[in-house]
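To keep things clear, I will list the structure first and then write my remarks on it.
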Amino acid sequence: MMHAVLLLAMAVPAAPVQTVFDDAVEIAPGQVRTLAIPVRSAPLRVACSWAVRRGAPARLVLLPAEEVDAWVQHKPHMLLAASGLGRSGSLSFVARAPSELVLVLETGSGAREMTHLRLLVRLMDPSIPFPVRPRPAERRRGEILVWGSLCLFAVAAGLSAARIRRNFRRRAHWTI
């Protein structure tokens with residue numbers, strides 16, 4: 001039986017989302033930061049999101065690795081995806097073939113101080129919608145959960161108190 005469970009667990013496919021980068025990033029004024037994104041299988045969606053914590057607005061640019069030098073030198077180049085300049089946002093691109101991509105983070109031209117932002121880069125199945133729309137919490141379900149937990153705790157505490165009381169009565173000859 002245990003072997004069947006282990007075989008079944010191993011047969012489950014890998015998670016459809018792979019996190020490539022999830023960390024804070026600092027960008028100096030007038031500088032850019034780059035992140036290599038290896039796409040080993042295709043098709044895959046490259047999904048990026050960021051939020052500026054402090055500093056100037058930023059933008060993301062996704063390029064093939066071969067085009068980075070042309071982009072830096074302001075020569076003609078091929079952009080795969082680019083976001084607008086902002087305090088937060090997201091970027092998505094579906095890679096149809098395995099390739100080496102580079103994500104470039106840059107700040108606005110008027111940046112005078114370090115920009116601190118949180119960057120999340122994931123590779124995911126293209127059939128998963130991006131950006132994922134969060135569902136708002138349902139107040140009624142939350143109330144049921146809270147009151148149900150409270151009632152369960154009260155019943156458990158009441159039964160425990162009754163059992164302790166019964167045990168103390170049975171052993172009236174105990175001395176403390």
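Quick note on naming: the chains in the structure tokens go A, B, ... in the order shown, residues restart at 1 in each chain, and ligands are numbered from 1 in order of appearance.
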Find the residues of region 57-83 of chain A that sit at most 12 Å from region 111-130 of chain A; for each, write down the nearest two atoms and how far apart they are in Å, to one decimal. Count only C-alpha atoms. Sort by chain, then by number going up, and give it as a Markdown table.
| residue | atom | partner | partner_atom | distance |
| --- | --- | --- | --- | --- |
| A:Pro57 | CA | A:Thr115 | CA | 7.8 |
| A:Ala58 | CA | A:Thr115 | CA | 8.1 |
| A:Arg59 | CA | A:Leu117 | CA | 10.7 |
| A:Leu60 | CA | A:Leu119 | CA | 10.0 |
| A:Leu62 | CA | A:Val121 | CA | 11.5 |
Based on the selection just made, write N, CA and C atoms of those residues as an mmCIF file, in the first residue's frame.
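Saved file part-v4.cif follows:
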data_model
loop_
_atom_site.group_PDB
_atom_site.id
_atom_site.type_symbol
_atom_site.label_atom_id
_atom_site.label_comp_id
_atom_site.auth_asym_id
_atom_site.auth_seq_id
_atom_site.Cartn_x
_atom_site.Cartn_y
_atom_site.Cartn_z
ATOM 1 N N PRO A 57 10.496 56.133 -9.914
ATOM 2 C CA PRO A 57 9.785 55.082 -10.651
ATOM 3 C C PRO A 57 10.753 54.273 -11.516
ATOM 4 N N ALA A 58 10.377 53.055 -11.808
ATOM 5 C CA ALA A 58 11.243 52.159 -12.584
ATOM 6 C C ALA A 58 10.447 51.525 -13.715
ATOM 7 N N ARG A 59 11.180 50.890 -14.611
ATOM 8 C CA ARG A 59 10.546 50.126 -15.690
ATOM 9 C C ARG A 59 11.370 48.891 -15.975
ATOM 10 N N LEU A 60 10.731 47.896 -16.587
ATOM 11 C CA LEU A 60 11.387 46.640 -16.946
ATOM 12 C C LEU A 60 11.407 46.503 -18.463
ATOM 13 N N LEU A 62 12.486 43.449 -21.370
ATOM 14 C CA LEU A 62 12.902 42.067 -21.608
ATOM 15 C C LEU A 62 13.470 41.972 -23.015
#
If you count only C-alpha atoms, which residues fall within 12 Å of Trp71 (chain A), apart from same-chain ones fewer than 4 positions away, as an MDAnalysis selection string?
chainID A and resid 32 61:67 75:80 102:104
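Compared by their closest atoms to Ala51 (chain A), and using only C-alpha atoms, the residues A:Ser88, A:Ser160, A:Ser99, A:Thr107 rank with A:Ser88 nearest.
From CA of Val39 (chain A) back to CA of Leu101 (chain A), the distance works out to 7.3 Å.
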Please report, as an MDAnalysis selection string, each residue of chain A to which DSSP assigns strand (DSSP E or B) when run on this structure's backbone.
chainID A and resid 17:27 32:39 44:54 58:64 81:82 86 88:95 99:107 115:124
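In this comparison, which uses only C-alpha atoms, the residue of A:Val25, A:Ala42, A:Ala161, A:Leu150 approaching Phe93 (chain A) most closely is A:Ala42.
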